[in-house]
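Visitor: Dropping in start.cif, which is mmCIF, C-alpha atoms and all ligand atoms:
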data_data
loop_
_atom_site.label_atom_id
_atom_site.label_comp_id
_atom_site.auth_asym_id
_atom_site.auth_seq_id
_atom_site.Cartn_x
_atom_site.Cartn_y
_atom_site.Cartn_z
CA MET A 1 152.71 5.93 184.40
CA ALA A 2 150.39 4.14 182.00
CA LEU A 3 150.34 3.64 178.24
CA TYR A 4 146.99 4.43 176.65
CA VAL A 5 145.81 4.10 173.09
CA GLN A 6 143.14 6.78 172.70
CA LYS A 7 140.87 6.69 169.65
CA PHE A 8 138.76 9.66 168.61
CA GLY A 9 135.90 9.08 166.15
CA GLY A 10 134.48 11.29 163.42
CA THR A 11 132.38 13.67 165.53
CA SER A 12 135.19 13.94 168.07
CA VAL A 13 137.43 15.41 165.33
CA GLY A 14 134.56 16.92 163.34
CA SER A 15 135.75 20.54 163.47
CA VAL A 16 138.78 22.65 164.33
CA GLU A 17 137.28 23.24 167.79
CA ARG A 18 136.76 19.53 168.37
CA ILE A 19 140.32 18.75 167.24
CA ARG A 20 141.62 21.35 169.69
CA ALA A 21 139.55 19.72 172.44
CA VAL A 22 141.11 16.34 171.58
CA ALA A 23 144.58 17.86 171.76
CA GLU A 24 143.80 19.45 175.13
CA ARG A 25 142.58 16.13 176.50
CA VAL A 26 145.67 14.26 175.28
CA ALA A 27 147.89 17.03 176.65
CA ARG A 28 146.32 16.56 180.11
CA PHE A 29 147.23 12.86 180.10
CA VAL A 30 150.75 13.61 178.91
CA ALA A 31 151.14 16.26 181.63
CA THR A 32 150.51 13.65 184.32
CA GLY A 33 153.26 11.45 182.91
CA ASP A 34 151.11 9.01 180.94
CA GLN A 35 152.19 7.83 177.51
CA VAL A 36 149.59 8.18 174.77
CA VAL A 37 149.19 6.87 171.23
CA VAL A 38 146.35 8.59 169.38
CA VAL A 39 144.21 7.05 166.64
CA VAL A 40 141.76 9.22 164.70
CA SER A 41 138.99 8.70 162.18
CA ALA A 42 138.15 11.00 159.32
CA MET A 43 136.26 14.18 160.24
CA SER A 44 132.53 13.42 160.56
CA GLY A 45 130.73 13.18 157.23
CA GLU A 46 133.96 12.97 155.27
CA THR A 47 133.94 9.23 154.54
CA ASN A 48 130.31 9.47 153.39
CA ARG A 49 131.20 12.42 151.17
CA LEU A 50 133.96 10.37 149.56
CA VAL A 51 131.61 7.41 149.03
CA ASP A 52 129.14 9.74 147.29
CA LEU A 53 131.88 11.11 145.03
CA ALA A 54 132.81 7.57 143.99
CA GLN A 55 129.17 6.72 143.33
CA ALA A 56 128.89 9.77 141.11
CA ILE A 57 131.67 8.34 138.95
CA HIS A 58 130.55 4.71 138.92
CA SER A 59 127.76 2.71 140.55
CA ASP A 60 130.16 -0.13 141.40
CA PRO A 61 133.64 1.40 141.69
CA GLU A 62 136.80 -0.70 141.74
CA GLU A 63 137.46 -1.67 145.38
CA ARG A 64 141.19 -0.99 145.24
CA GLU A 65 140.51 2.59 144.17
CA MET A 66 137.75 2.88 146.77
CA ASP A 67 140.34 2.14 149.47
CA VAL A 68 142.74 4.78 148.15
CA LEU A 69 139.89 7.27 148.16
CA LEU A 70 138.39 6.47 151.57
CA ALA A 71 141.77 6.33 153.31
CA SER A 72 142.32 9.98 152.42
CA GLY A 73 139.86 11.16 155.09
CA GLU A 74 142.08 9.97 157.92
CA GLN A 75 145.17 11.61 156.40
CA VAL A 76 143.58 15.01 156.97
CA SER A 77 142.63 14.35 160.58
CA ILE A 78 145.99 12.88 161.69
CA ALA A 79 147.84 15.92 160.38
CA LEU A 80 145.43 18.41 161.95
CA THR A 81 145.45 16.54 165.28
CA ALA A 82 149.26 16.43 165.34
CA MET A 83 149.36 20.17 164.59
CA ALA A 84 146.91 20.85 167.42
CA LEU A 85 149.01 18.79 169.84
CA ILE A 86 152.18 20.62 168.83
CA ASP A 87 150.28 23.87 169.38
CA GLN A 88 149.56 22.63 172.93
CA GLY A 89 153.27 22.14 173.47
CA VAL A 90 153.06 18.34 173.08
CA ALA A 91 155.57 16.75 170.69
CA ALA A 92 153.58 14.74 168.16
CA ARG A 93 153.94 13.06 164.78
CA SER A 94 151.26 11.86 162.41
CA TYR A 95 151.48 8.48 160.64
CA LEU A 96 149.65 6.86 157.77
CA ALA A 97 149.20 3.10 158.11
CA ASP A 98 152.03 2.21 155.73
CA GLN A 99 154.44 4.43 157.61
CA VAL A 100 153.87 2.53 160.87
CA ALA A 101 153.33 -0.11 159.25
CA ILE A 102 149.91 -1.69 159.78
CA HIS A 103 149.92 -4.85 157.63
CA THR A 104 146.60 -6.21 156.43
CA GLN A 105 145.34 -9.18 154.50
CA GLY A 106 142.14 -10.09 152.71
CA GLN A 107 139.82 -8.24 150.39
CA HIS A 108 139.91 -4.52 149.70
CA THR A 109 137.31 -2.46 151.66
CA ARG A 110 137.10 -5.18 154.34
CA SER A 111 140.67 -6.20 155.02
CA ARG A 112 141.91 -7.49 158.35
CA ILE A 113 144.93 -6.45 160.40
CA LYS A 114 147.60 -9.16 160.32
CA LYS A 115 150.52 -7.52 162.07
CA ILE A 116 151.68 -4.11 163.28
CA ASP A 117 155.32 -3.02 163.40
CA THR A 118 155.88 -1.15 166.63
CA GLU A 119 159.46 0.06 166.22
CA ARG A 120 158.68 3.54 165.02
CA LEU A 121 155.88 4.04 167.52
CA ARG A 122 158.00 2.81 170.41
CA ALA A 123 160.82 5.16 169.41
CA ASP A 124 158.37 8.07 169.55
CA ILE A 125 156.91 6.98 172.87
CA GLU A 126 160.41 6.60 174.36
CA ALA A 127 161.34 10.05 173.07
CA GLY A 128 158.23 11.56 174.69
CA ARG A 129 156.39 12.10 171.42
CA VAL A 130 152.74 11.27 170.79
CA PRO A 131 152.22 9.25 167.60
CA VAL A 132 148.94 10.12 165.87
CA VAL A 133 147.97 7.14 163.71
CA ALA A 134 145.41 7.03 160.91
CA GLY A 135 142.60 4.65 161.81
CA PHE A 136 140.69 2.45 159.36
CA GLN A 137 143.58 1.94 156.91
CA GLY A 138 146.35 -0.54 156.30
CA VAL A 139 148.79 -1.75 153.69
CA ASP A 140 148.65 -5.21 152.12
CA GLY A 141 151.47 -7.55 151.10
CA ASP A 142 151.68 -5.88 147.67
CA GLY A 143 151.92 -2.39 149.13
CA ASN A 144 148.34 -1.45 148.29
CA VAL A 145 146.34 0.87 150.54
CA THR A 146 143.52 -1.08 152.23
CA THR A 147 140.66 -0.25 154.59
CA LEU A 148 139.07 -2.27 157.38
CA GLY A 149 135.38 -1.68 156.69
CA ARG A 150 133.20 1.21 157.88
CA GLY A 151 133.78 2.02 161.53
CA GLY A 152 137.14 0.25 161.40
CA SER A 153 139.19 2.85 163.30
CA ASP A 154 138.11 1.19 166.55
CA THR A 155 139.86 -1.95 165.35
CA THR A 156 143.04 -0.03 164.49
CA ALA A 157 143.08 1.30 168.06
CA VAL A 158 142.58 -2.09 169.72
CA ALA A 159 145.15 -3.75 167.45
CA LEU A 160 147.67 -1.03 168.33
CA ALA A 161 146.90 -1.49 172.03
CA ALA A 162 147.59 -5.21 171.64
CA ALA A 163 150.81 -4.70 169.69
CA LEU A 164 152.11 -2.10 172.16
CA GLU A 165 150.81 -3.97 175.23
CA ALA A 166 149.01 -0.81 176.32
CA ASP A 167 147.34 -0.62 179.70
CA GLU A 168 143.99 0.40 178.23
CA CYS A 169 142.40 1.17 174.89
CA GLN A 170 140.06 4.12 175.23
CA ILE A 171 137.46 4.72 172.53
CA TYR A 172 136.28 8.33 172.77
CA THR A 173 133.04 9.03 170.96
CA ASP A 174 129.89 11.17 171.03
CA VAL A 175 128.10 9.15 173.73
CA ASP A 176 129.49 8.56 177.24
CA GLY A 177 129.54 4.79 177.06
CA VAL A 178 127.69 1.73 175.86
CA TYR A 179 123.97 1.97 176.53
CA THR A 180 121.23 -0.62 176.83
CA THR A 181 120.32 0.46 173.31
CA ASP A 182 121.12 3.36 170.98
CA PRO A 183 120.26 6.42 173.11
CA ARG A 184 119.28 8.26 169.93
CA VAL A 185 116.34 5.88 169.53
CA VAL A 186 115.46 5.34 173.18
CA PRO A 187 116.33 8.51 175.10
CA ASP A 188 115.93 6.82 178.49
CA ALA A 189 118.33 4.00 177.64
CA ARG A 190 120.78 3.40 180.48
CA ARG A 191 124.57 3.55 180.36
CA LEU A 192 126.18 0.28 181.36
CA ASP A 193 129.16 0.44 183.73
CA ARG A 194 130.39 -2.87 182.36
CA ILE A 195 129.47 -5.29 179.64
CA THR A 196 131.10 -8.63 178.83
CA PHE A 197 133.12 -9.10 175.62
CA GLU A 198 130.71 -11.81 174.63
CA GLU A 199 127.68 -9.54 174.88
CA MET A 200 129.45 -6.56 173.35
CA LEU A 201 130.55 -8.66 170.39
CA GLU A 202 126.94 -9.74 169.80
CA MET A 203 125.65 -6.17 170.20
CA ALA A 204 128.27 -4.81 167.77
CA SER A 205 127.76 -7.60 165.23
CA LEU A 206 124.00 -7.12 165.40
CA GLY A 207 124.25 -3.44 164.57
CA ALA A 208 125.20 -1.39 167.68
CA LYS A 209 127.49 1.06 165.93
CA VAL A 210 129.30 2.22 169.03
CA LEU A 211 132.14 -0.31 168.50
CA HIS A 212 133.37 -2.01 165.32
CA PRO A 213 132.72 -5.76 165.83
CA ARG A 214 136.28 -6.77 165.05
CA SER A 215 137.63 -4.39 167.69
CA VAL A 216 135.68 -6.28 170.34
CA GLU A 217 136.80 -9.63 168.96
CA PHE A 218 140.44 -8.46 169.04
CA ALA A 219 140.17 -7.04 172.55
CA GLY A 220 138.62 -10.26 173.85
CA LYS A 221 141.23 -12.42 172.14
CA TYR A 222 144.23 -10.45 173.40
CA GLY A 223 142.80 -9.50 176.78
CA ILE A 224 142.87 -5.76 176.10
CA ALA A 225 141.11 -3.52 178.61
CA LEU A 226 138.68 -1.66 176.36
CA ARG A 227 136.69 1.36 177.50
CA VAL A 228 134.14 3.55 175.70
CA LEU A 229 134.09 7.19 176.85
CA SER A 230 132.76 10.56 175.77
CA SER A 231 135.06 13.06 174.09
CA PHE A 232 132.51 15.76 174.90
CA GLU A 233 132.57 15.38 178.69
CA ASP A 234 135.50 15.71 181.01
CA ASP A 235 135.17 12.83 183.31
CA GLY A 236 132.90 9.91 183.72
CA PRO A 237 133.75 6.26 183.93
CA GLY A 238 132.35 5.30 180.52
CA THR A 239 131.77 1.60 179.92
CA LEU A 240 134.40 -1.06 180.51
CA ILE A 241 134.23 -4.13 178.27
CA THR A 242 135.28 -6.99 180.51
CA VAL A 243 135.59 -10.74 180.74
CA GLU A 244 133.80 -10.97 184.06
CA GLU A 245 130.11 -11.40 184.30
CA SER A 246 128.66 -9.28 187.05
CA ASN A 247 128.33 -11.29 190.23
CA THR A 248 127.57 -8.48 192.62
CA MET A 249 123.98 -8.27 191.48
CA GLU A 250 121.70 -10.65 189.76
CA GLN A 251 122.52 -10.88 186.08
CA PRO A 252 119.80 -9.22 184.02
CA VAL A 253 118.14 -11.53 181.51
CA VAL A 254 118.83 -9.12 178.67
CA SER A 255 121.67 -6.59 178.74
CA GLY A 256 120.92 -4.67 175.58
CA ILE A 257 118.92 -4.27 172.39
CA ALA A 258 120.74 -3.90 169.08
CA PHE A 259 119.31 -3.21 165.66
CA ALA A 260 120.43 -3.13 162.04
CA ARG A 261 118.59 -0.88 159.62
CA ASP A 262 120.25 -2.00 156.42
CA GLU A 263 118.74 -5.44 155.91
CA ALA A 264 116.92 -7.06 153.00
CA LYS A 265 115.28 -10.44 152.47
CA ILE A 266 114.85 -12.70 149.47
CA THR A 267 112.24 -15.46 149.19
CA VAL A 268 112.22 -18.30 146.69
CA GLN A 269 108.78 -19.86 146.39
CA GLY A 270 108.12 -23.40 145.26
CA ALA A 271 111.68 -24.63 145.30
CA PRO A 272 111.99 -28.41 144.86
CA ASP A 273 112.03 -30.01 148.34
CA VAL A 274 115.09 -32.19 147.76
CA PRO A 275 118.54 -32.44 149.37
CA GLY A 276 121.03 -29.78 148.30
CA VAL A 277 118.57 -27.00 147.51
CA ALA A 278 119.78 -24.70 150.28
CA SER A 279 123.38 -25.05 149.24
CA LYS A 280 122.53 -24.47 145.56
CA MET A 281 120.63 -21.27 146.42
CA ILE A 282 123.12 -19.85 148.90
CA GLY A 283 126.30 -21.11 147.22
CA PRO A 284 126.56 -18.56 144.42
CA VAL A 285 125.58 -15.73 146.78
CA SER A 286 128.32 -16.61 149.27
CA ALA A 287 130.80 -17.16 146.44
CA ALA A 288 130.14 -13.55 145.36
CA GLY A 289 131.37 -12.42 148.80
CA ILE A 290 127.85 -11.59 150.02
CA ASP A 291 127.12 -12.41 153.68
CA VAL A 292 123.95 -14.42 154.11
CA ASP A 293 122.51 -13.98 157.57
CA MET A 294 119.17 -15.47 158.67
CA ILE A 295 117.94 -18.46 156.69
CA VAL A 296 114.46 -19.96 156.98
CA GLN A 297 113.19 -22.95 155.05
CA ASN A 298 109.55 -23.86 155.46
CA VAL A 299 108.25 -27.38 155.90
CA GLY A 300 107.75 -28.74 152.40
CA ALA A 301 104.38 -29.59 150.94
CA ALA A 302 103.68 -31.45 147.68
CA GLY A 303 107.41 -31.78 147.01
CA GLN A 304 107.97 -28.04 147.18
CA THR A 305 109.23 -25.65 149.81
CA ASP A 306 109.68 -21.89 150.39
CA PHE A 307 113.05 -20.56 151.28
CA THR A 308 113.88 -17.11 152.71
CA PHE A 309 117.18 -15.51 153.69
CA THR A 310 118.52 -12.06 154.55
CA VAL A 311 121.47 -10.08 153.21
CA LYS A 312 122.73 -6.55 153.75
CA ARG A 313 120.70 -3.99 151.81
CA GLY A 314 123.72 -2.96 149.73
CA ASP A 315 124.00 -6.54 148.47
CA TYR A 316 120.28 -6.92 147.73
CA ALA A 317 120.34 -6.28 143.97
CA ASP A 318 123.33 -8.56 143.36
CA ALA A 319 121.93 -11.35 145.55
CA MET A 320 118.54 -11.10 143.84
CA ARG A 321 120.12 -11.44 140.42
CA LEU A 322 122.12 -14.52 141.46
CA VAL A 323 119.16 -16.21 143.15
CA ARG A 324 116.83 -15.55 140.21
CA SER A 325 119.20 -17.33 137.88
CA VAL A 326 119.59 -20.37 140.23
CA ALA A 327 115.80 -20.49 140.78
CA ASP A 328 115.23 -20.53 137.01
CA GLU A 329 117.74 -23.33 136.58
CA MET A 330 116.10 -25.54 139.20
CA GLY A 331 112.58 -24.75 138.07
CA ALA A 332 111.54 -23.01 141.29
CA GLY A 333 108.61 -20.60 141.44
CA GLU A 334 108.66 -16.86 141.95
CA VAL A 335 111.56 -15.02 143.61
CA THR A 336 110.38 -12.08 145.69
CA GLY A 337 112.21 -9.69 147.94
CA ASP A 338 111.85 -6.86 150.40
CA ASN A 339 114.61 -4.37 151.14
CA ARG A 340 112.65 -2.35 153.69
CA ILE A 341 113.15 -4.61 156.65
CA VAL A 342 115.19 -4.24 159.84
CA LYS A 343 116.60 -6.69 162.34
CA ILE A 344 116.19 -6.15 166.07
CA SER A 345 118.00 -8.29 168.62
CA ALA A 346 117.89 -8.76 172.37
CA VAL A 347 121.28 -9.76 173.78
CA GLY A 348 122.25 -11.10 177.19
CA VAL A 349 124.30 -13.85 178.78
CA GLY A 350 121.49 -14.04 181.36
CA MET A 351 119.33 -15.75 178.72
CA ARG A 352 121.27 -18.94 179.28
CA SER A 353 119.64 -19.44 182.64
CA HIS A 354 116.20 -17.98 181.97
CA ALA A 355 113.29 -19.49 180.14
CA GLY A 356 110.56 -17.54 178.39
CA VAL A 357 112.81 -14.75 177.12
CA ALA A 358 111.63 -15.11 173.53
CA MET A 359 107.97 -15.00 174.59
CA ARG A 360 108.54 -11.73 176.42
CA MET A 361 109.94 -10.24 173.23
CA PHE A 362 107.17 -11.63 171.02
CA ASP A 363 104.46 -10.45 173.45
CA ALA A 364 105.92 -6.93 173.46
CA LEU A 365 105.76 -6.82 169.65
CA ALA A 366 102.27 -8.33 169.53
CA ALA A 367 101.01 -5.70 171.97
CA GLU A 368 102.11 -3.06 169.47
CA ASN A 369 100.60 -4.98 166.57
CA ILE A 370 103.99 -5.47 164.95
CA ASN A 371 104.25 -8.48 162.68
CA ILE A 372 107.40 -10.61 163.04
CA GLN A 373 108.65 -11.78 159.63
CA MET A 374 111.61 -13.93 160.68
CA ILE A 375 113.12 -15.13 163.95
CA SER A 376 116.53 -16.51 164.82
CA THR A 377 118.00 -17.39 168.19
CA SER A 378 121.30 -18.39 169.74
CA GLU A 379 122.32 -19.02 173.34
CA ILE A 380 122.64 -15.35 174.16
CA LYS A 381 120.49 -13.54 171.58
CA ILE A 382 117.10 -13.46 169.91
CA SER A 383 116.70 -11.61 166.62
CA VAL A 384 113.53 -10.71 164.76
CA VAL A 385 112.98 -9.15 161.36
CA VAL A 386 110.20 -6.56 161.07
CA ASP A 387 109.08 -3.91 158.58
CA GLU A 388 111.40 -0.90 158.79
CA LYS A 389 108.52 1.44 159.60
CA TYR A 390 108.23 -0.24 163.03
CA LEU A 391 111.90 0.06 163.98
CA GLU A 392 111.68 2.77 166.65
CA LEU A 393 108.42 1.48 168.11
CA ALA A 394 109.68 -2.10 168.26
CA VAL A 395 113.01 -1.19 169.86
CA ARG A 396 111.24 0.90 172.52
CA ALA A 397 108.69 -1.82 173.22
CA ILE A 398 111.35 -4.53 173.62
CA HIS A 399 113.59 -2.24 175.68
CA GLU A 400 110.67 -1.62 178.02
CA ALA A 401 109.63 -5.27 178.15
CA PHE A 402 113.05 -6.17 179.56
CA GLU A 403 112.96 -3.23 182.00
CA LEU A 404 116.14 -1.72 180.66
CA SER A 405 115.19 1.95 181.07
CA GLY A 406 117.19 4.42 183.01
CA ASN A 407 115.74 4.18 186.49
CA GLY A 408 118.62 4.68 188.84
CA LYS A 409 120.86 5.85 186.00
CA GLU A 410 124.18 7.02 187.38
CA GLU A 411 124.82 10.73 187.05
CA VAL A 412 128.06 11.46 185.26
P1 LIG B 501 132.50 7.41 166.16
O1 LIG B 501 132.41 8.35 165.01
O2 LIG B 501 133.03 8.06 167.40
O3 LIG B 501 133.19 6.13 165.83
P2 LIG B 501 129.93 6.09 165.88
O4 LIG B 501 128.88 6.92 165.26
O5 LIG B 501 130.62 5.06 165.07
O6 LIG B 501 130.99 7.07 166.56
O7 LIG B 501 129.34 5.34 167.19
C1 LIG B 501 128.70 6.09 168.20
C2 LIG B 501 127.19 6.00 168.01
O8 LIG B 501 126.76 4.66 168.21
C3 LIG B 501 126.38 6.78 169.00
O9 LIG B 501 126.24 8.13 168.62
C4 LIG B 501 125.05 6.03 169.04
O10 LIG B 501 124.06 6.68 168.26
C5 LIG B 501 125.36 4.69 168.39
N1 LIG B 501 124.95 3.54 169.20
C6 LIG B 501 124.27 2.46 168.73
N2 LIG B 501 124.02 1.60 169.70
C7 LIG B 501 124.56 2.10 170.83
C8 LIG B 501 124.63 1.65 172.18
N3 LIG B 501 124.11 0.48 172.57
N4 LIG B 501 125.26 2.43 173.10
C9 LIG B 501 125.81 3.60 172.72
N5 LIG B 501 125.76 4.09 171.45
C10 LIG B 501 125.16 3.35 170.53
N1 LIG B 502 136.20 6.97 158.70
C1 LIG B 502 135.79 5.59 158.64
C2 LIG B 502 134.25 5.49 158.53
O1 LIG B 502 133.57 6.49 158.52
C3 LIG B 502 136.30 4.77 159.77
C4 LIG B 502 135.76 5.10 161.14
O2 LIG B 502 135.10 6.11 161.33
O3 LIG B 502 136.01 4.31 162.08
O4 LIG B 502 133.74 4.41 158.43
MG MG B 503 132.57 4.37 164.88
#
Kindly transcribe the structure held in the file into structure tokens.

Guide:
Amino acid sequence: MALYVQKFGGTSVGSVERIRAVAERVARFVATGDQVVVVVSAMSGETNRLVDLAQAIHSDPEEREMDVLLASGEQVSIALTAMALIDQGVAARSYLADQVAIHTQGQHTRSRIKKIDTERLRADIEAGRVPVVAGFQGVDGDGNVTTLGRGGSDTTAVALAAALEADECQIYTDVDGVYTTDPRVVPDARRLDRITFEEMLEMASLGAKVLHPRSVEFAGKYGIALRVLSSFEDDGPGTLITVEESNTMEQPVVSGIAFARDEAKITVQGAPDVPGVASKMIGPVSAAGIDVDMIVQNVGAAGQTDFTFTVKRGDYADAMRLVRSVADEMGAGEVTGDNRIVKISAVGVGMRSHAGVAMRMFDALAAENINIQMISTSEIKISVVVDEKYLELAVRAIHEAFELSGNGKEEV
């Protein structure tokens, strides 16, 4: 007998039929004696619909109210999923985050799970009932409804698995595992049997939507066995996120390609080339809660330097406004920007022991005549910024350059 936390994402609960399929799957586990805690997201498209409604009221809605609004999507799916389980003859009860309770801290719309009370869930499990918990939401110290950031239901599931000491956290989604890149962009991408936490965390943080970055961080920290599986197929091993690096075969140089479509860059020309300029430019942006990602400062000439950095596209207008005012104050030149850029990254622990990885990536882009606007590297990743119109072409070219395609792909 094992205890599983099983999370079903938006498409997996996207219709009455899909919810019934989820209930049938859970019922099969329960029938073999396993204990299951279910986490569900809102039905597919619902969270976006709610965001659009808020935007129609106000271009910059109050974040507290945004959380109350967005959390409503999951309330619908927990109730429907519990009903479907009961219809299958499985005792089940739905729970909102504050009923469990899932305590969070930090800012609205991007809060973090601090602690989960397990009493109520354990009582259900002991009594043979399946708790169906709302993903993505929490309750803060003042009793406010909070949310964990888009895609955050994965993190709810992993945090529950940690709190309940579950045997495995299974993330059921619309693909049958983690691939070498998004299979929607590169159809011959290959499913990985295993990927290390370290690589998965990079992939997720660099834009691979399949897992919420914090869920990977949590699973790594608490040693949770985390597996990505398809809710549309009956069996198949999925992808196990693991601590071990593969030692049975030679470690590939690059394990996967991730990309983020929603990037923007801001350039300050002719900033004074003196100490403290970077911190003066970035300071107000960070203080406004905007994440600054890649930063490039050119070699100065004639006492002046150019300075470029990237932010998420949604923060572009705010960041631009803040930087313009700092640039004016310090007597810098023109502030320009581009919000039609994307970031593409090659990730792999194998990079540590291989030279020339960056060149392979740059050559692949050059061969397609794609101009690289910015570059950043770390021990296990190389990221480039290119014009958004080259996204698909660039991802395919890099994927091919590292020989990641599906030759020998396991049949599932
Ligand atoms: P859910 O609603 O189940 O949480 P998401 O849409 O958040 O599902 O995540 C699944 C999607 O992630 C897939 O449909 C796929 O398009 C995308 N994706 C991006 N990168 C990868 C990758 N490397 N491997 C698998 N899927 C990926
Ligand atoms: N429903 C939320 C979203 O669309 C959370 C999730 O799907 O994980 O972002
Ligand atoms: Mg998701």

Visitor: Can you work out which one of A:Ala367, A:Ala159, A:Leu50, A:Val68 has the shortest atom-to-atom distance to Lys7 (chain A), counting only C-alpha atoms?

Guide: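 Result for the nearest residue to Lys7 (chain A): A:Ala159.
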
Visitor: Padding 5 Å on every side, please: axis-aligned box over the listed atoms of ligand LIG 501 (chain B), centre and edge lengths to one decimal in Å, as JSON.

Guide:
{"center_x": 128.6, "center_y": 4.4, "center_z": 169.1, "size_x": 19.2, "size_y": 17.9, "size_z": 18.1}

Visitor: Residues within 9 Å of ligand LIG 502 (chain B), counting all atoms listed in the file: report them as number ranges by chain.

Guide: A: 8-10, 40-48, 70-71, 73-74, 135-137, 147-156, 211-212

Visitor: My list of candidates is A:Ala397, A:Val175, A:Leu226, A:Ala166. Which is closest to ligand LIG 501 (chain B) when distances are computed with all atoms listed in the file?

Guide: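 Ranked by minimum distance to ligand LIG 501 (chain B), first place goes to A:Val175.
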
Visitor: What's around region 309-314 of chain A at 10 Å? Count only C-alpha atoms, leave out sequence neighbours fewer than 2 positions away in its own chain, and write the answer as a VMD selection string.

Guide: chain A and resid 260 to 268 281 to 282 285 290 to 297 307 316 to 320 337 to 343 374 385
